[in-house]
Structures are given as structure tokens and as C-alpha cells.
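K.L.:
This one is data11.cif, mmCIF, N, CA and C atoms.
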```cif
data_model
loop_
_atom_site.label_atom_id
_atom_site.label_comp_id
_atom_site.auth_asym_id
_atom_site.auth_seq_id
_atom_site.Cartn_x
_atom_site.Cartn_y
_atom_site.Cartn_z
N MET A 1 -1.62 8.11 -6.85
CA MET A 1 -1.18 8.38 -5.49
C MET A 1 -2.29 8.02 -4.51
N LEU A 2 -3.53 8.38 -4.81
CA LEU A 2 -4.62 8.05 -3.89
C LEU A 2 -5.04 6.59 -4.01
N GLY A 3 -4.70 5.97 -5.14
CA GLY A 3 -5.07 4.57 -5.34
C GLY A 3 -4.13 3.59 -4.64
N GLU A 4 -3.02 4.09 -4.14
CA GLU A 4 -2.09 3.20 -3.45
C GLU A 4 -2.68 2.76 -2.12
N ARG A 5 -2.44 1.51 -1.82
CA ARG A 5 -2.95 0.95 -0.58
C ARG A 5 -2.53 1.80 0.61
N TRP A 6 -3.42 2.05 1.50
CA TRP A 6 -3.25 2.80 2.75
C TRP A 6 -3.46 4.30 2.59
N SER A 7 -3.31 4.87 1.40
CA SER A 7 -3.36 6.33 1.26
C SER A 7 -4.65 6.94 1.78
N LEU A 8 -5.80 6.44 1.32
CA LEU A 8 -7.07 7.00 1.79
C LEU A 8 -7.31 6.73 3.27
N LEU A 9 -6.82 5.60 3.76
CA LEU A 9 -6.97 5.30 5.19
C LEU A 9 -6.13 6.26 6.03
N ILE A 10 -4.95 6.59 5.55
CA ILE A 10 -4.10 7.56 6.26
C ILE A 10 -4.81 8.91 6.30
N ILE A 11 -5.36 9.33 5.18
CA ILE A 11 -6.07 10.61 5.12
C ILE A 11 -7.28 10.58 6.06
N ARG A 12 -7.99 9.46 6.09
CA ARG A 12 -9.12 9.32 7.01
C ARG A 12 -8.68 9.51 8.45
N GLU A 13 -7.55 8.92 8.83
CA GLU A 13 -7.07 9.05 10.20
C GLU A 13 -6.71 10.49 10.54
N ILE A 14 -6.16 11.21 9.59
CA ILE A 14 -5.82 12.61 9.83
C ILE A 14 -7.09 13.44 9.96
N PHE A 15 -8.13 13.13 9.18
CA PHE A 15 -9.43 13.78 9.37
C PHE A 15 -9.97 13.48 10.77
N SER A 16 -9.60 12.32 11.32
CA SER A 16 -10.07 11.92 12.66
C SER A 16 -9.16 12.44 13.76
N GLU A 17 -8.36 13.46 13.45
CA GLU A 17 -7.50 14.15 14.43
C GLU A 17 -6.33 13.31 14.92
N ARG A 18 -5.90 12.35 14.11
CA ARG A 18 -4.67 11.61 14.43
C ARG A 18 -3.59 12.20 13.53
N HIS A 19 -2.69 12.98 14.10
CA HIS A 19 -1.71 13.72 13.32
C HIS A 19 -0.28 13.19 13.47
N ARG A 20 -0.02 12.45 14.52
CA ARG A 20 1.34 11.96 14.74
C ARG A 20 1.51 10.58 14.11
N PHE A 21 2.73 10.31 13.69
CA PHE A 21 3.06 9.04 13.06
C PHE A 21 2.58 7.86 13.91
N THR A 22 2.89 7.90 15.20
CA THR A 22 2.53 6.77 16.07
C THR A 22 1.01 6.60 16.19
N GLU A 23 0.27 7.71 16.19
CA GLU A 23 -1.19 7.62 16.26
C GLU A 23 -1.76 6.97 15.00
N ILE A 24 -1.24 7.38 13.86
CA ILE A 24 -1.70 6.83 12.58
C ILE A 24 -1.34 5.36 12.48
N GLN A 25 -0.11 5.03 12.83
CA GLN A 25 0.35 3.65 12.77
C GLN A 25 -0.46 2.75 13.69
N SER A 26 -0.71 3.21 14.89
CA SER A 26 -1.47 2.42 15.86
C SER A 26 -2.91 2.20 15.39
N ALA A 27 -3.52 3.23 14.84
CA ALA A 27 -4.92 3.12 14.39
C ALA A 27 -5.05 2.16 13.21
N LEU A 28 -4.06 2.16 12.32
CA LEU A 28 -4.15 1.35 11.10
C LEU A 28 -3.45 0.00 11.19
N GLY A 29 -2.46 -0.12 12.08
CA GLY A 29 -1.69 -1.36 12.16
C GLY A 29 -0.81 -1.57 10.94
N VAL A 30 -0.37 -0.50 10.32
CA VAL A 30 0.47 -0.56 9.12
C VAL A 30 1.94 -0.58 9.53
N ALA A 31 2.76 -1.26 8.74
CA ALA A 31 4.20 -1.32 9.01
C ALA A 31 4.79 0.08 8.92
N SER A 32 5.76 0.38 9.77
CA SER A 32 6.32 1.73 9.83
C SER A 32 7.00 2.14 8.52
N ASN A 33 7.69 1.20 7.86
CA ASN A 33 8.35 1.57 6.60
C ASN A 33 7.34 1.91 5.52
N LEU A 34 6.22 1.20 5.49
CA LEU A 34 5.16 1.49 4.52
C LEU A 34 4.49 2.82 4.83
N LEU A 35 4.22 3.08 6.09
CA LEU A 35 3.61 4.34 6.49
C LEU A 35 4.52 5.51 6.15
N THR A 36 5.80 5.36 6.40
CA THR A 36 6.78 6.40 6.07
C THR A 36 6.73 6.73 4.57
N THR A 37 6.70 5.69 3.75
CA THR A 37 6.66 5.88 2.29
C THR A 37 5.38 6.57 1.86
N ARG A 38 4.25 6.14 2.38
CA ARG A 38 2.96 6.73 1.98
C ARG A 38 2.86 8.18 2.45
N LEU A 39 3.29 8.48 3.67
CA LEU A 39 3.25 9.86 4.16
C LEU A 39 4.12 10.76 3.30
N LYS A 40 5.28 10.29 2.93
CA LYS A 40 6.17 11.08 2.06
C LYS A 40 5.50 11.37 0.73
N LYS A 41 4.87 10.37 0.13
CA LYS A 41 4.20 10.57 -1.15
C LYS A 41 3.05 11.56 -1.03
N LEU A 42 2.30 11.49 0.06
CA LEU A 42 1.18 12.40 0.26
C LEU A 42 1.67 13.83 0.50
N VAL A 43 2.80 13.97 1.19
CA VAL A 43 3.40 15.29 1.38
C VAL A 43 3.91 15.82 0.04
N ASP A 44 4.64 14.99 -0.70
CA ASP A 44 5.19 15.40 -1.99
C ASP A 44 4.09 15.78 -2.98
N ALA A 45 2.93 15.14 -2.89
CA ALA A 45 1.81 15.42 -3.79
C ALA A 45 1.00 16.65 -3.37
N GLY A 46 1.32 17.21 -2.20
CA GLY A 46 0.61 18.40 -1.75
C GLY A 46 -0.71 18.11 -1.05
N VAL A 47 -0.90 16.88 -0.60
CA VAL A 47 -2.13 16.50 0.12
C VAL A 47 -1.95 16.73 1.61
N LEU A 48 -0.74 16.47 2.09
CA LEU A 48 -0.40 16.67 3.51
C LEU A 48 0.76 17.65 3.61
N ARG A 49 0.87 18.26 4.78
CA ARG A 49 2.05 19.08 5.09
C ARG A 49 2.56 18.64 6.45
N LYS A 50 3.87 18.75 6.62
CA LYS A 50 4.48 18.40 7.90
C LYS A 50 4.59 19.65 8.75
N GLN A 51 4.39 19.45 10.04
CA GLN A 51 4.53 20.55 10.99
C GLN A 51 5.29 20.02 12.20
N THR A 52 6.31 20.73 12.60
CA THR A 52 7.08 20.34 13.78
C THR A 52 6.31 20.73 15.03
N HIS A 53 6.30 19.82 15.99
CA HIS A 53 5.57 20.05 17.24
C HIS A 53 6.45 19.54 18.38
N GLN A 54 6.47 20.29 19.47
CA GLN A 54 7.24 19.84 20.63
C GLN A 54 6.39 19.97 21.88
N GLU A 55 6.24 18.85 22.57
CA GLU A 55 5.55 18.86 23.85
C GLU A 55 6.60 19.15 24.92
N PRO A 56 6.21 19.84 26.00
CA PRO A 56 7.19 20.18 27.04
C PRO A 56 7.96 18.95 27.53
N GLY A 57 9.28 19.10 27.57
CA GLY A 57 10.13 18.03 28.08
C GLY A 57 10.45 16.93 27.09
N SER A 58 10.01 17.05 25.85
CA SER A 58 10.32 16.01 24.88
C SER A 58 10.91 16.62 23.61
N ARG A 59 11.39 15.77 22.73
CA ARG A 59 12.03 16.24 21.51
C ARG A 59 10.98 16.65 20.46
N ASN A 60 11.45 17.33 19.43
CA ASN A 60 10.56 17.72 18.34
C ASN A 60 9.97 16.49 17.66
N ARG A 61 8.72 16.58 17.31
CA ARG A 61 8.03 15.52 16.58
C ARG A 61 7.35 16.14 15.37
N ILE A 62 7.15 15.31 14.37
CA ILE A 62 6.46 15.75 13.16
C ILE A 62 4.98 15.39 13.30
N ARG A 63 4.14 16.33 12.93
CA ARG A 63 2.70 16.10 12.86
C ARG A 63 2.28 16.33 11.42
N TYR A 64 1.33 15.57 10.96
CA TYR A 64 0.86 15.66 9.58
C TYR A 64 -0.52 16.32 9.57
N HIS A 65 -0.65 17.31 8.70
CA HIS A 65 -1.91 18.04 8.58
C HIS A 65 -2.32 18.10 7.11
N LEU A 66 -3.60 18.20 6.89
CA LEU A 66 -4.12 18.30 5.53
C LEU A 66 -3.87 19.69 4.96
N THR A 67 -3.51 19.72 3.70
CA THR A 67 -3.45 20.98 2.96
C THR A 67 -4.87 21.27 2.47
N PRO A 68 -5.12 22.43 1.88
CA PRO A 68 -6.44 22.65 1.29
C PRO A 68 -6.83 21.55 0.29
N ALA A 69 -5.87 21.07 -0.50
CA ALA A 69 -6.16 19.97 -1.43
C ALA A 69 -6.56 18.71 -0.67
N GLY A 70 -5.88 18.45 0.43
CA GLY A 70 -6.21 17.29 1.25
C GLY A 70 -7.58 17.42 1.90
N GLU A 71 -7.92 18.63 2.34
CA GLU A 71 -9.23 18.84 2.97
C GLU A 71 -10.36 18.58 1.99
N GLU A 72 -10.13 18.85 0.71
CA GLU A 72 -11.17 18.58 -0.29
C GLU A 72 -11.44 17.09 -0.47
N LEU A 73 -10.55 16.25 0.01
CA LEU A 73 -10.76 14.80 -0.08
C LEU A 73 -11.84 14.31 0.89
N LEU A 74 -12.28 15.15 1.79
CA LEU A 74 -13.36 14.75 2.69
C LEU A 74 -14.58 14.30 1.90
N ILE A 75 -14.86 14.97 0.82
CA ILE A 75 -16.02 14.61 0.00
C ILE A 75 -15.83 13.24 -0.63
N VAL A 76 -14.59 12.91 -1.00
CA VAL A 76 -14.29 11.60 -1.58
C VAL A 76 -14.49 10.52 -0.53
N LEU A 77 -13.96 10.74 0.65
CA LEU A 77 -14.12 9.76 1.74
C LEU A 77 -15.59 9.58 2.10
N ALA A 78 -16.32 10.69 2.18
CA ALA A 78 -17.75 10.61 2.51
C ALA A 78 -18.50 9.84 1.43
N ALA A 79 -18.17 10.06 0.16
CA ALA A 79 -18.84 9.35 -0.93
C ALA A 79 -18.54 7.85 -0.86
N LEU A 80 -17.28 7.49 -0.57
CA LEU A 80 -16.93 6.07 -0.45
C LEU A 80 -17.64 5.42 0.74
N GLN A 81 -17.72 6.14 1.85
CA GLN A 81 -18.42 5.61 3.02
C GLN A 81 -19.91 5.44 2.71
N GLN A 82 -20.49 6.43 2.05
CA GLN A 82 -21.91 6.37 1.69
C GLN A 82 -22.18 5.17 0.78
N TRP A 83 -21.31 4.97 -0.20
CA TRP A 83 -21.46 3.83 -1.11
C TRP A 83 -21.39 2.51 -0.32
N GLY A 84 -20.40 2.41 0.57
CA GLY A 84 -20.26 1.20 1.38
C GLY A 84 -21.46 0.96 2.27
N ASP A 85 -22.00 2.01 2.86
CA ASP A 85 -23.18 1.87 3.72
C ASP A 85 -24.37 1.32 2.94
N ARG A 86 -24.48 1.71 1.67
CA ARG A 86 -25.61 1.26 0.84
C ARG A 86 -25.40 -0.13 0.27
N HIS A 87 -24.18 -0.42 -0.18
CA HIS A 87 -23.97 -1.63 -0.96
C HIS A 87 -23.21 -2.74 -0.23
N CYS A 88 -22.56 -2.43 0.86
CA CYS A 88 -21.85 -3.42 1.67
C CYS A 88 -22.10 -3.11 3.15
N PRO A 89 -23.36 -3.05 3.56
CA PRO A 89 -23.63 -2.61 4.93
C PRO A 89 -23.07 -3.58 5.97
N ARG A 90 -22.59 -3.00 7.05
CA ARG A 90 -22.10 -3.79 8.18
C ARG A 90 -23.30 -4.23 9.00
N PRO A 91 -23.28 -5.45 9.54
CA PRO A 91 -24.40 -5.91 10.37
C PRO A 91 -24.66 -4.98 11.57
N SER A 92 -23.60 -4.37 12.08
CA SER A 92 -23.74 -3.49 13.25
C SER A 92 -24.13 -2.06 12.87
N GLY A 93 -24.28 -1.80 11.58
CA GLY A 93 -24.63 -0.45 11.13
C GLY A 93 -23.41 0.32 10.68
N PRO A 94 -23.62 1.54 10.20
CA PRO A 94 -22.49 2.32 9.68
C PRO A 94 -21.46 2.62 10.75
N ALA A 95 -20.19 2.69 10.31
CA ALA A 95 -19.10 3.03 11.22
C ALA A 95 -19.10 4.52 11.51
N VAL A 96 -19.62 5.31 10.58
CA VAL A 96 -19.61 6.77 10.71
C VAL A 96 -20.96 7.30 10.23
N LEU A 97 -21.45 8.31 10.92
CA LEU A 97 -22.65 9.01 10.47
C LEU A 97 -22.23 10.36 9.93
N ARG A 98 -22.80 10.74 8.81
CA ARG A 98 -22.51 12.04 8.22
C ARG A 98 -23.60 13.02 8.65
N ARG A 99 -23.20 14.04 9.40
CA ARG A 99 -24.15 15.01 9.94
C ARG A 99 -23.64 16.42 9.72
N GLN A 100 -24.57 17.34 9.55
CA GLN A 100 -24.21 18.75 9.47
C GLN A 100 -23.84 19.22 10.87
N ARG A 101 -22.68 19.82 11.00
CA ARG A 101 -22.18 20.22 12.32
C ARG A 101 -23.12 21.20 13.01
N SER A 102 -23.62 22.20 12.29
CA SER A 102 -24.42 23.25 12.91
C SER A 102 -25.81 22.79 13.32
N SER A 103 -26.40 21.82 12.59
CA SER A 103 -27.77 21.41 12.91
C SER A 103 -27.88 20.00 13.45
N GLY A 104 -26.86 19.18 13.19
CA GLY A 104 -26.93 17.78 13.60
C GLY A 104 -27.73 16.92 12.64
N LEU A 105 -28.25 17.53 11.57
CA LEU A 105 -29.06 16.79 10.61
C LEU A 105 -28.19 15.91 9.71
N SER A 106 -28.74 14.79 9.30
CA SER A 106 -28.06 13.85 8.43
C SER A 106 -27.83 14.48 7.06
N VAL A 107 -26.69 14.17 6.45
CA VAL A 107 -26.36 14.66 5.10
C VAL A 107 -25.88 13.50 4.24
N HIS A 108 -25.89 13.72 2.93
CA HIS A 108 -25.36 12.74 2.00
C HIS A 108 -24.58 13.46 0.89
N VAL A 109 -23.77 12.69 0.18
CA VAL A 109 -22.98 13.22 -0.92
C VAL A 109 -23.81 13.08 -2.19
N GLY A 110 -23.83 14.13 -3.01
CA GLY A 110 -24.57 14.08 -4.27
C GLY A 110 -23.92 14.96 -5.31
N LEU A 111 -24.47 14.92 -6.48
CA LEU A 111 -24.02 15.77 -7.59
C LEU A 111 -24.87 17.03 -7.57
N ILE A 112 -24.22 18.18 -7.47
CA ILE A 112 -24.92 19.45 -7.32
C ILE A 112 -24.69 20.31 -8.56
N SER A 113 -25.76 20.86 -9.09
CA SER A 113 -25.67 21.73 -10.26
C SER A 113 -24.99 23.04 -9.89
N ASP A 114 -24.02 23.45 -10.70
CA ASP A 114 -23.36 24.74 -10.49
C ASP A 114 -24.31 25.90 -10.75
N THR A 115 -25.33 25.68 -11.57
CA THR A 115 -26.25 26.75 -11.95
C THR A 115 -27.25 27.09 -10.87
N ASP A 116 -27.96 26.07 -10.36
CA ASP A 116 -29.02 26.37 -9.40
C ASP A 116 -28.85 25.71 -8.04
N GLY A 117 -27.75 25.00 -7.83
CA GLY A 117 -27.48 24.40 -6.52
C GLY A 117 -28.34 23.19 -6.19
N ARG A 118 -29.07 22.68 -7.15
CA ARG A 118 -29.92 21.51 -6.89
C ARG A 118 -29.15 20.22 -7.14
N GLU A 119 -29.55 19.19 -6.43
CA GLU A 119 -28.95 17.88 -6.64
C GLU A 119 -29.54 17.26 -7.90
N ILE A 120 -28.66 16.68 -8.70
CA ILE A 120 -29.14 16.00 -9.91
C ILE A 120 -28.91 14.50 -9.77
N PRO A 121 -29.78 13.69 -10.36
CA PRO A 121 -29.60 12.24 -10.27
C PRO A 121 -28.43 11.77 -11.13
N ASN A 122 -27.82 10.65 -10.74
CA ASN A 122 -26.71 10.08 -11.50
C ASN A 122 -27.08 9.86 -12.96
N THR A 123 -28.35 9.53 -13.21
CA THR A 123 -28.81 9.24 -14.58
C THR A 123 -28.82 10.50 -15.45
N ASP A 124 -28.70 11.68 -14.85
CA ASP A 124 -28.70 12.93 -15.62
C ASP A 124 -27.29 13.51 -15.74
N LEU A 125 -26.28 12.69 -15.52
CA LEU A 125 -24.89 13.15 -15.58
C LEU A 125 -24.22 12.66 -16.84
N ASP A 126 -23.57 13.56 -17.56
CA ASP A 126 -22.69 13.21 -18.67
C ASP A 126 -21.27 13.57 -18.26
N MET A 127 -20.35 12.66 -18.48
CA MET A 127 -18.92 12.93 -18.25
C MET A 127 -18.34 13.22 -19.63
N VAL A 128 -18.07 14.48 -19.92
CA VAL A 128 -17.65 14.91 -21.25
C VAL A 128 -16.13 15.07 -21.27
N SER A 129 -15.49 14.33 -22.15
CA SER A 129 -14.04 14.41 -22.28
C SER A 129 -13.65 15.74 -22.94
N VAL A 130 -12.64 16.39 -22.37
CA VAL A 130 -12.16 17.65 -22.93
C VAL A 130 -11.35 17.36 -24.20
N GLN A 131 -10.51 16.35 -24.15
CA GLN A 131 -9.73 15.92 -25.31
C GLN A 131 -9.98 14.43 -25.49
N PRO A 132 -10.85 14.05 -26.42
CA PRO A 132 -11.20 12.63 -26.59
C PRO A 132 -9.97 11.75 -26.69
N GLY A 133 -10.01 10.66 -25.91
CA GLY A 133 -8.95 9.67 -25.94
C GLY A 133 -7.73 9.99 -25.11
N ARG A 134 -7.71 11.15 -24.45
CA ARG A 134 -6.54 11.53 -23.65
C ARG A 134 -6.98 11.85 -22.24
N PRO A 135 -6.39 11.20 -21.25
CA PRO A 135 -6.72 11.54 -19.86
C PRO A 135 -6.19 12.93 -19.54
N SER A 136 -6.90 13.62 -18.66
CA SER A 136 -6.45 14.96 -18.30
C SER A 136 -5.28 14.87 -17.34
N PRO A 137 -4.31 15.80 -17.47
CA PRO A 137 -3.14 15.78 -16.58
C PRO A 137 -3.55 16.20 -15.17
N CYS A 138 -2.85 15.67 -14.20
CA CYS A 138 -3.10 16.07 -12.80
C CYS A 138 -1.80 15.95 -12.03
N CYS A 139 -1.92 15.79 -10.74
CA CYS A 139 -0.74 15.77 -9.87
C CYS A 139 -0.02 14.43 -9.87
N GLY A 140 -0.38 13.53 -10.78
CA GLY A 140 0.27 12.23 -10.83
C GLY A 140 -0.50 11.15 -10.12
N CYS A 141 -1.77 11.41 -9.80
CA CYS A 141 -2.58 10.41 -9.12
C CYS A 141 -2.85 9.23 -10.05
#
```
Take the structure I supplied and represent it as C-alpha cells, if you would.
P.N.:
Amino acid sequence: MLGERWSLLIIREIFSERHRFTEIQSALGVASNLLTTRLKKLVDAGVLRKQTHQEPGSRNRIRYHLTPAGEELLIVLAALQQWGDRHCPRPSGPAVLRRQRSSGLSVHVGLISDTDGREIPNTDLDMVSVQPGRPSPCCGC
């Protein structure tokens, strides 16, 4: 579901406070039928939720908001952006800066030990299969 074209970009736009269909479509330039399909899949997967909104004098409109599962994807987007900044840098510099809201200090995505909260290097990571040879079940991603 997240690997489908446009899905992560749609989620990025919602993180950027674009919640209405027209705002998302305008920002991405995606065809309306494709956007409709992707939004439905993200809602069905529990990443987004629909909320009815009405501005004075106009009809009801649907707004898309992240669920708690969708909000956890911020770390995925930040990791992808960080990777791109390092390995495919734009001549004009990064499109987004990752900063701590309360201090304004720069932050990065890393692997953090559950035991002591320290960052561990990639070279010290083992990915241990729970059931060898079988992928773990999930939401259908």
C-alpha cells in the first residue's frame, strides 16, 4: 500500500497541512481518478481518516487526516528525506530541514536502543527473522 506510486507523496502533503482533495491534487499534479483511488486505499488501510467539513455558505467537503498509524509515518518520510539529502543532494540544498520544534535545533533519523536510548550505528544492527523464510503479516502493505 505504501509502495504504490503517489501514496507517500499524498501522506507528505497531509503532513504539510493540505487536507482537502483539491489542495492535495494541486500540490502533486496527480490525476483526480488516481488520487481518489490512492486516498481510498489509505483510508481503508487505516492510515488516513475522512472528516466532513463545511465552510460557511458552501457544501460539505471531505478532509483527510492522519490516523495514529499515519502519524507514525513521519519517521519514514524523514528517513527518506535524510537519505535523499545525503545521497542525491539537490544543487539548491535540501527541500526540507528537520528541526526540533521546541529548540529549533537540527535533528536526524537514527536507530535508537530500547534499553538505553542511545543511537546505534547501522553496522551494529541485526534484522532477526521471527519465522525464517516467512514474511511477517501486516496490514497488506
K.L.:
Written as a ChimeraX atom specification, what is the full residue list that the PyMOL selection byres (((chain A and resi 97-104 and name CA) around 12) and name CA) yields on the file shown?
P.N.:
/A:74-75,77-82,85,93-96,105-109
K.L.:
For the atom pair atom CA of A:Asp124 and atom CA of A:Ile112, what is the interatomic distance in Å to one decimal place?
P.N.:
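That distance, rounded to one decimal, is 11.2 Å.
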K.L.:
Could you please write out, as an MDAnalysis selection string, every residue of stretch 11-98 of chain A that DSSP assigns to alpha helix (DSSP H)?
P.N.:
chainID A and resid 11:15 21:28 32:44 68:71 74:87
K.L.:
Could you list the residues chosen by the PyMOL selection byres ((chain A and resi 66) around 7) in this structure as a list in words?
P.N.:
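When the PyMOL selection byres ((chain A and resi 66) around 7) is applied to the shown file, the picked residues are Ile14, Gly46, Val47, Leu48, Arg49, Tyr64, His65, Thr67, Pro68, Ala69, Gly70 and Glu71 of chain A.
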K.L.:
With N, CA and C atoms retained, write the just-selected residues as a PDB file, in the frame of the given file.
P.N.:
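File produced: result_29.pdb:
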```pdb
ATOM      1  N   ILE A  14      -6.160  11.210   9.590  1.00  0.00           N
ATOM      2  CA  ILE A  14      -5.820  12.610   9.830  1.00  0.00           C
ATOM      3  C   ILE A  14      -7.090  13.440   9.960  1.00  0.00           C
ATOM      4  N   GLY A  46       1.320  17.210  -2.200  1.00  0.00           N
ATOM      5  CA  GLY A  46       0.610  18.400  -1.750  1.00  0.00           C
ATOM      6  C   GLY A  46      -0.710  18.110  -1.050  1.00  0.00           C
ATOM      7  N   VAL A  47      -0.900  16.880  -0.600  1.00  0.00           N
ATOM      8  CA  VAL A  47      -2.130  16.500   0.120  1.00  0.00           C
ATOM      9  C   VAL A  47      -1.950  16.730   1.610  1.00  0.00           C
ATOM     10  N   LEU A  48      -0.740  16.470   2.090  1.00  0.00           N
ATOM     11  CA  LEU A  48      -0.400  16.670   3.510  1.00  0.00           C
ATOM     12  C   LEU A  48       0.760  17.650   3.610  1.00  0.00           C
ATOM     13  N   ARG A  49       0.870  18.260   4.780  1.00  0.00           N
ATOM     14  CA  ARG A  49       2.050  19.080   5.090  1.00  0.00           C
ATOM     15  C   ARG A  49       2.560  18.640   6.450  1.00  0.00           C
ATOM     16  N   TYR A  64       1.330  15.570  10.960  1.00  0.00           N
ATOM     17  CA  TYR A  64       0.860  15.660   9.580  1.00  0.00           C
ATOM     18  C   TYR A  64      -0.520  16.320   9.570  1.00  0.00           C
ATOM     19  N   HIS A  65      -0.650  17.310   8.700  1.00  0.00           N
ATOM     20  CA  HIS A  65      -1.910  18.040   8.580  1.00  0.00           C
ATOM     21  C   HIS A  65      -2.320  18.100   7.110  1.00  0.00           C
ATOM     22  N   THR A  67      -3.510  19.720   3.700  1.00  0.00           N
ATOM     23  CA  THR A  67      -3.450  20.980   2.960  1.00  0.00           C
ATOM     24  C   THR A  67      -4.870  21.270   2.470  1.00  0.00           C
ATOM     25  N   PRO A  68      -5.120  22.430   1.880  1.00  0.00           N
ATOM     26  CA  PRO A  68      -6.440  22.650   1.290  1.00  0.00           C
ATOM     27  C   PRO A  68      -6.830  21.550   0.290  1.00  0.00           C
ATOM     28  N   ALA A  69      -5.870  21.070  -0.500  1.00  0.00           N
ATOM     29  CA  ALA A  69      -6.160  19.970  -1.430  1.00  0.00           C
ATOM     30  C   ALA A  69      -6.560  18.710  -0.670  1.00  0.00           C
ATOM     31  N   GLY A  70      -5.880  18.450   0.430  1.00  0.00           N
ATOM     32  CA  GLY A  70      -6.210  17.290   1.250  1.00  0.00           C
ATOM     33  C   GLY A  70      -7.580  17.420   1.900  1.00  0.00           C
ATOM     34  N   GLU A  71      -7.920  18.630   2.340  1.00  0.00           N
ATOM     35  CA  GLU A  71      -9.230  18.840   2.970  1.00  0.00           C
ATOM     36  C   GLU A  71     -10.360  18.580   1.990  1.00  0.00           C
TER      37      GLU A  71
END
```
K.L.:
Can you turn the PyMOL selection byres ((chain A and resi 62) around 6) into a concrete residue list for this file, as a list in words?
P.N.:
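Those residues are His19, Arg20, Phe21, Gln51, Thr52, His53, Asn60, Arg61, Arg63 and Tyr64 of chain A.
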K.L.:
Report the distance between atom CA of A:Gly3 and atom CA of A:Lys41 in Å, rounded to one decimal place.
P.N.:
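Atom CA of A:Gly3 sits 11.8 Å away from atom CA of A:Lys41.
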K.L.:
Please indicate the distance in Å from atom CA of A:Arg38 to atom CA of A:Trp6, rounded to one decimal place.
P.N.:
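Between these atoms lies a distance of 7.4 Å.
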K.L.:
Run DSSP on the backbone and give me the residues of stretch 31-126 of chain A it puts in strand (DSSP E or B), as a list in words.
P.N.:
Leu48, Arg49, Lys50, Gln51, Thr52, His53, Arg61, Ile62, Arg63, Tyr64, His65, Leu66, Arg99, Ser106, Leu111, Ile112, Glu119 and Ile120 of chain A
K.L.:
Please dump the current selection as a PDB file, in the coordinates of the input; keep N, CA and C atoms.
P.N.:
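In the end it all went to out_17.pdb:
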```
ATOM      1  N   LEU A  48      -0.740  16.470   2.090  1.00  0.00           N
ATOM      2  CA  LEU A  48      -0.400  16.670   3.510  1.00  0.00           C
ATOM      3  C   LEU A  48       0.760  17.650   3.610  1.00  0.00           C
ATOM      4  N   ARG A  49       0.870  18.260   4.780  1.00  0.00           N
ATOM      5  CA  ARG A  49       2.050  19.080   5.090  1.00  0.00           C
ATOM      6  C   ARG A  49       2.560  18.640   6.450  1.00  0.00           C
ATOM      7  N   LYS A  50       3.870  18.750   6.620  1.00  0.00           N
ATOM      8  CA  LYS A  50       4.480  18.400   7.900  1.00  0.00           C
ATOM      9  C   LYS A  50       4.590  19.650   8.750  1.00  0.00           C
ATOM     10  N   GLN A  51       4.390  19.450  10.040  1.00  0.00           N
ATOM     11  CA  GLN A  51       4.530  20.550  10.990  1.00  0.00           C
ATOM     12  C   GLN A  51       5.290  20.020  12.200  1.00  0.00           C
ATOM     13  N   THR A  52       6.310  20.730  12.600  1.00  0.00           N
ATOM     14  CA  THR A  52       7.080  20.340  13.780  1.00  0.00           C
ATOM     15  C   THR A  52       6.310  20.730  15.030  1.00  0.00           C
ATOM     16  N   HIS A  53       6.300  19.820  15.990  1.00  0.00           N
ATOM     17  CA  HIS A  53       5.570  20.050  17.240  1.00  0.00           C
ATOM     18  C   HIS A  53       6.450  19.540  18.380  1.00  0.00           C
ATOM     19  N   ARG A  61       8.720  16.580  17.310  1.00  0.00           N
ATOM     20  CA  ARG A  61       8.030  15.520  16.580  1.00  0.00           C
ATOM     21  C   ARG A  61       7.350  16.140  15.370  1.00  0.00           C
ATOM     22  N   ILE A  62       7.150  15.310  14.370  1.00  0.00           N
ATOM     23  CA  ILE A  62       6.460  15.750  13.160  1.00  0.00           C
ATOM     24  C   ILE A  62       4.980  15.390  13.300  1.00  0.00           C
ATOM     25  N   ARG A  63       4.140  16.330  12.930  1.00  0.00           N
ATOM     26  CA  ARG A  63       2.700  16.100  12.860  1.00  0.00           C
ATOM     27  C   ARG A  63       2.280  16.330  11.420  1.00  0.00           C
ATOM     28  N   TYR A  64       1.330  15.570  10.960  1.00  0.00           N
ATOM     29  CA  TYR A  64       0.860  15.660   9.580  1.00  0.00           C
ATOM     30  C   TYR A  64      -0.520  16.320   9.570  1.00  0.00           C
ATOM     31  N   HIS A  65      -0.650  17.310   8.700  1.00  0.00           N
ATOM     32  CA  HIS A  65      -1.910  18.040   8.580  1.00  0.00           C
ATOM     33  C   HIS A  65      -2.320  18.100   7.110  1.00  0.00           C
ATOM     34  N   LEU A  66      -3.600  18.200   6.890  1.00  0.00           N
ATOM     35  CA  LEU A  66      -4.120  18.300   5.530  1.00  0.00           C
ATOM     36  C   LEU A  66      -3.870  19.690   4.960  1.00  0.00           C
ATOM     37  N   ARG A  99     -23.200  14.040   9.400  1.00  0.00           N
ATOM     38  CA  ARG A  99     -24.150  15.010   9.940  1.00  0.00           C
ATOM     39  C   ARG A  99     -23.640  16.420   9.720  1.00  0.00           C
ATOM     40  N   SER A 106     -28.740  14.790   9.300  1.00  0.00           N
ATOM     41  CA  SER A 106     -28.060  13.850   8.430  1.00  0.00           C
ATOM     42  C   SER A 106     -27.830  14.480   7.060  1.00  0.00           C
ATOM     43  N   LEU A 111     -24.470  14.920  -6.480  1.00  0.00           N
ATOM     44  CA  LEU A 111     -24.020  15.770  -7.590  1.00  0.00           C
ATOM     45  C   LEU A 111     -24.870  17.030  -7.570  1.00  0.00           C
ATOM     46  N   ILE A 112     -24.220  18.180  -7.470  1.00  0.00           N
ATOM     47  CA  ILE A 112     -24.920  19.450  -7.320  1.00  0.00           C
ATOM     48  C   ILE A 112     -24.690  20.310  -8.560  1.00  0.00           C
ATOM     49  N   GLU A 119     -29.550  19.190  -6.430  1.00  0.00           N
ATOM     50  CA  GLU A 119     -28.950  17.880  -6.640  1.00  0.00           C
ATOM     51  C   GLU A 119     -29.540  17.260  -7.900  1.00  0.00           C
ATOM     52  N   ILE A 120     -28.660  16.680  -8.700  1.00  0.00           N
ATOM     53  CA  ILE A 120     -29.140  16.000  -9.910  1.00  0.00           C
ATOM     54  C   ILE A 120     -28.910  14.500  -9.770  1.00  0.00           C
TER      55      ILE A 120
END
```
